[in-house]
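Here's the structure we're looking at; comments come further down.
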Amino acid sequence: MNGRATSAAGALVEAELRRAARRPALGTAPAIAPALALALALESAAGGGCGTPRLADTAPAVTAGAAPGSATAAAAPARSAPSGPGAALPVPPDVWASTLRANVEPSARVAAIDLDGDGVEEIALASAAGLAVLRPGAGGAEAETLWSAPPRGGANVLAAGDLDGDGRTDLAVGWGVHRDFRTAPATLVAYLSGGAAPMSLREEVVATPATEHAQFTSAEVTRLKAGGPAGLLYAHFIGKHELRGVFAVRGAAGTWTENVLDVVRMAWLWTAAPLAAGDPAPAILVGRPYGDAEKSDGDVFVWSPGGGRAPLPTRRGVRSLAVLDLGGAGGAHDVCYGDGWHWEYGTKAEGLLTCARRDAAAPGGWQATVVVDTDSYEVNTLAAADLDGDALPELVSLGPTALRRHAPPGRAGGLAWTTRVLGPGGTHFAAFRPGAGPRAEIALVAALPAPAPGAPPAAT
């Protein structure tokens with residue numbers, strides 16, 4: 001989708017940012033209407049070509065941390081925006097927002113999928129209403145539903161990738177308990193491309209783990225060995241506090257083989273990826289909001305078979321985790337995580353975005369930088385996306401107060417990370433490519449301000 005921001009769309013984003021920055025006290029209920037929205041950062045001036053930013057004219061960049069390898073790389077972070085009652089986050093003028101579908105629950109999950117194989121990605125939306133693949137409408141028109149399937153519970157997790165080796169994107173949804181499905185069993189389902197009808201997916205049940213708490217906490221399509229088969233790396237509860245990490249691979253006959261990796265207390269987040277270009281095998285990392293003891297701080301560590309843990313620097317607990325190739329020097333990849341979680345999240349949690357790289361000379365073998373303090377209680381989603389079409393991905397983060405874009409050190413001659421606000425806060429997002437080029441847009445699950453009675457919709 002392409003288009004310029006209208007005044008109504010800009011007002012929508014700015015109003016939400018002002019509301020989010022005020023951070024209402026726990027127990028209050030602001031007048032919001034959950035909606036799935038799109039936000040596009042148009043960072044190239046018309047006629048200026050890729051890599052010519054426009055945002056610096058009206059939205060000054062905020063830098064935090066220091067260049068990797070410096071003595072101050074783990075220093076206290078800078079605030080990303082003014083804080084306090086009524087403080088407004090800077091709103092770039094080149095952000096365009098459009099409502100795809102209203103009344104989407106905050107627990108909904110989104111992912112990118114090319115359903116028809118034409119090189120243009122659509123948006124997969126999983127929620128307690130079911131799984132749907134949406135094609136955004138041109139010029140803000142209502143999204144078209146290309147395919148849908150009924151729910152098997154609440155949608156805990158959604159993953160996208162090639163699960164059967166046919167070169168096309170498949171989906172996987174972890175269905176479980178939800179306020180509308182209080183007795184739903186835990187069911188992990190793969191939705192594979194090439195269904196019986198055109199533009200459709202076919203269902204295969206991957207796993208139905210027996211557990212007293214039917215909830216999945218993470219899932220991704222990845223490989224655990226270089227050149228090995230792609231599969232689903234996922235985590236689910238097996239008790240009140242213990243979670244099981246599992247890697248499931250689909251066989252040629254359509255049967256799934258589950259390989260239990262470990263059972264770790266509060267191990268919500270599992271991800272696997274090389275830590276640098278050319279690494280012989282992916283590393284498996286685990287992120288936890290809480291530690292081994294009740295009410296203890298969580299952590300991030302590199303997991304090894306047998307239960308080995310090599311910790312990364314953290315402030316407190318972790319709510320999101322990703323290994324991203326952002327074009328680091330020497331092929332180094334960034335391990336980024338939403339740090340600072342505390343069980344007393346209303347008063348003690350810090351929404352810190354931290355990124356770390358392997359560094360043999362640093363204490364513990366990791367050089368960590370606090371990219372930004374979001375002035376909230378968590379960073380809930382992380383991904384890499386090329387938002388300006390220059391073929392270099394940026395880090396995109398989401399928390400309760402804002403959607404942000406972070407450019408790593410070295411971009412445009414900068415020595416530190418730079419951060420810009422792109423749109424309102426929310427609960428989940430995914431990057432997708434709406435055209436043949438590398439440029440991405442963001443599908444965002446956000447709580448947008450409810451319009452006044454009788455007023456026309458704010459988004460266009």
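Quick note on naming: the chains in the structure tokens go A, B, ... in the order shown, residues restart at 1 in each chain, and ligands are numbered from 1 in order of appearance.
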>> For region 211-214 of chain A, find every residue with an atom within 9 Å (counting only C-alpha atoms), except residues of its own chain fewer than 5 positions away, and show them as number ranges by chain.
In response: A: 175-177, 183-187, 236-240
I need the chosen residues saved as a short mmCIF file (atom, residue, chain, number, x, y, z; two decimals), in the first residue's frame, with N, CA, C and O atoms.
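See out-v4.cif below for the written result:
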```
data_model
loop_
_atom_site.label_atom_id
_atom_site.label_comp_id
_atom_site.auth_asym_id
_atom_site.auth_seq_id
_atom_site.Cartn_x
_atom_site.Cartn_y
_atom_site.Cartn_z
N TRP A 175 -3.13 -22.72 19.68
CA TRP A 175 -4.43 -22.42 20.26
C TRP A 175 -4.46 -22.90 21.71
O TRP A 175 -3.92 -23.95 22.02
N GLY A 176 -5.12 -22.12 22.58
CA GLY A 176 -5.19 -22.52 23.98
C GLY A 176 -6.26 -21.77 24.73
O GLY A 176 -7.22 -21.26 24.13
N VAL A 177 -6.11 -21.69 26.04
CA VAL A 177 -7.14 -21.08 26.87
C VAL A 177 -7.26 -19.59 26.57
O VAL A 177 -6.31 -18.92 26.18
N THR A 183 -11.94 -23.80 28.57
CA THR A 183 -11.58 -25.22 28.67
C THR A 183 -10.91 -25.74 27.40
O THR A 183 -10.79 -26.95 27.22
N ALA A 184 -10.46 -24.85 26.54
CA ALA A 184 -9.83 -25.27 25.29
C ALA A 184 -8.52 -26.01 25.58
O ALA A 184 -7.73 -25.59 26.42
N PRO A 185 -8.28 -27.12 24.89
CA PRO A 185 -7.00 -27.81 25.05
C PRO A 185 -5.90 -27.08 24.29
O PRO A 185 -6.15 -26.29 23.38
N ALA A 186 -4.66 -27.33 24.67
CA ALA A 186 -3.52 -26.78 23.94
C ALA A 186 -3.36 -27.55 22.63
O ALA A 186 -3.18 -28.77 22.63
N THR A 187 -3.45 -26.84 21.51
CA THR A 187 -3.37 -27.48 20.19
C THR A 187 -2.52 -26.62 19.28
O THR A 187 -2.82 -25.45 19.04
N HIS A 236 5.55 -24.22 25.66
CA HIS A 236 4.21 -24.25 26.24
C HIS A 236 4.32 -24.62 27.72
O HIS A 236 5.28 -25.28 28.16
N PHE A 237 3.33 -24.21 28.48
CA PHE A 237 3.27 -24.55 29.89
C PHE A 237 3.00 -26.04 30.06
O PHE A 237 2.23 -26.64 29.30
N ILE A 238 3.62 -26.63 31.09
CA ILE A 238 3.25 -27.99 31.49
C ILE A 238 2.76 -27.99 32.93
O ILE A 238 2.24 -29.00 33.41
N GLY A 239 2.91 -26.90 33.63
CA GLY A 239 2.42 -26.73 34.99
C GLY A 239 2.22 -25.25 35.24
O GLY A 239 2.14 -24.45 34.31
N LYS A 240 2.19 -24.87 36.50
CA LYS A 240 1.95 -23.47 36.82
C LYS A 240 3.14 -22.59 36.45
O LYS A 240 2.97 -21.45 36.01
#
```
>> Need the shell around Gly161 (chain A): protein/DNA/RNA residues with any atom at most 10 Å away, counting only C-alpha atoms. Skip same-chain ones fewer than 3 positions apart. Format as a PyMOL selection string?
In response: chain A and resi 111-113+164-165+167-172+192+220-222+230-232
>> Can you tell me, as a count of residues only, which residues in region 68-312 of chain A count as strand (DSSP E or B) by DSSP?
In response: 122
> Do you know which residues are at most 8 Å from Pro151 (chain A) counting only C-alpha atoms, after dropping those on the same chain fewer than 2 positions away, and could you put them as a VMD selection string?
Replying inline: chain A and resid 127 to 131 149 153 to 155 175
Export of prior selection with N, CA, C and O atoms as a PDB file, in the first residue's frame:
```
ATOM      1  N   SER A 127      -6.714 -14.826  16.085  1.00  0.00           N
ATOM      2  CA  SER A 127      -7.354 -14.329  17.300  1.00  0.00           C
ATOM      3  C   SER A 127      -8.383 -15.357  17.746  1.00  0.00           C
ATOM      4  O   SER A 127      -8.540 -16.421  17.124  1.00  0.00           O
ATOM      5  N   ALA A 128      -9.117 -15.036  18.793  1.00  0.00           N
ATOM      6  CA  ALA A 128     -10.175 -15.929  19.255  1.00  0.00           C
ATOM      7  C   ALA A 128     -11.312 -16.035  18.251  1.00  0.00           C
ATOM      8  O   ALA A 128     -12.177 -16.903  18.389  1.00  0.00           O
ATOM      9  N   ALA A 129     -11.332 -15.170  17.236  1.00  0.00           N
ATOM     10  CA  ALA A 129     -12.321 -15.261  16.162  1.00  0.00           C
ATOM     11  C   ALA A 129     -11.883 -16.225  15.072  1.00  0.00           C
ATOM     12  O   ALA A 129     -12.664 -16.533  14.167  1.00  0.00           O
ATOM     13  N   GLY A 130     -10.638 -16.708  15.115  1.00  0.00           N
ATOM     14  CA  GLY A 130     -10.148 -17.627  14.102  1.00  0.00           C
ATOM     15  C   GLY A 130      -8.895 -17.110  13.438  1.00  0.00           C
ATOM     16  O   GLY A 130      -8.269 -16.137  13.882  1.00  0.00           O
ATOM     17  N   LEU A 131      -8.510 -17.758  12.356  1.00  0.00           N
ATOM     18  CA  LEU A 131      -7.342 -17.375  11.564  1.00  0.00           C
ATOM     19  C   LEU A 131      -7.820 -16.852  10.220  1.00  0.00           C
ATOM     20  O   LEU A 131      -8.643 -17.493   9.559  1.00  0.00           O
ATOM     21  N   ALA A 149     -10.223 -19.609   8.750  1.00  0.00           N
ATOM     22  CA  ALA A 149     -10.473 -20.884   9.412  1.00  0.00           C
ATOM     23  C   ALA A 149     -11.009 -20.605  10.806  1.00  0.00           C
ATOM     24  O   ALA A 149     -10.648 -19.597  11.423  1.00  0.00           O
ATOM     25  N   GLY A 153      -9.570 -22.247  19.951  1.00  0.00           N
ATOM     26  CA  GLY A 153      -9.327 -21.669  21.262  1.00  0.00           C
ATOM     27  C   GLY A 153      -8.868 -20.237  21.066  1.00  0.00           C
ATOM     28  O   GLY A 153      -9.134 -19.621  20.026  1.00  0.00           O
ATOM     29  N   GLY A 154      -8.184 -19.687  22.047  1.00  0.00           N
ATOM     30  CA  GLY A 154      -7.553 -18.393  21.870  1.00  0.00           C
ATOM     31  C   GLY A 154      -6.239 -18.560  21.142  1.00  0.00           C
ATOM     32  O   GLY A 154      -5.543 -19.576  21.298  1.00  0.00           O
ATOM     33  N   ALA A 155      -5.872 -17.591  20.329  1.00  0.00           N
ATOM     34  CA  ALA A 155      -4.617 -17.665  19.569  1.00  0.00           C
ATOM     35  C   ALA A 155      -3.484 -17.164  20.453  1.00  0.00           C
ATOM     36  O   ALA A 155      -3.272 -15.965  20.589  1.00  0.00           O
ATOM     37  N   TRP A 175      -3.125 -22.725  19.682  1.00  0.00           N
ATOM     38  CA  TRP A 175      -4.434 -22.418  20.265  1.00  0.00           C
ATOM     39  C   TRP A 175      -4.461 -22.899  21.710  1.00  0.00           C
ATOM     40  O   TRP A 175      -3.924 -23.949  22.025  1.00  0.00           O
TER      41      TRP A 175
END
```
> Can you list, as a list in words, every protein, DNA or RNA residue that comes within 12 Å of Met199 (chain A) when you count only C-alpha atoms, leaving out same-chain residues fewer than 5 positions away?
Replying inline: Ile113, Asp114, Leu115, Asp116, Gly117, Asp118, Glu122, Ala132, Val133, Leu134, Arg135, Thr145, Leu146, Trp147, Ser148, Leu192, Ser193 and Gly194 of chain A
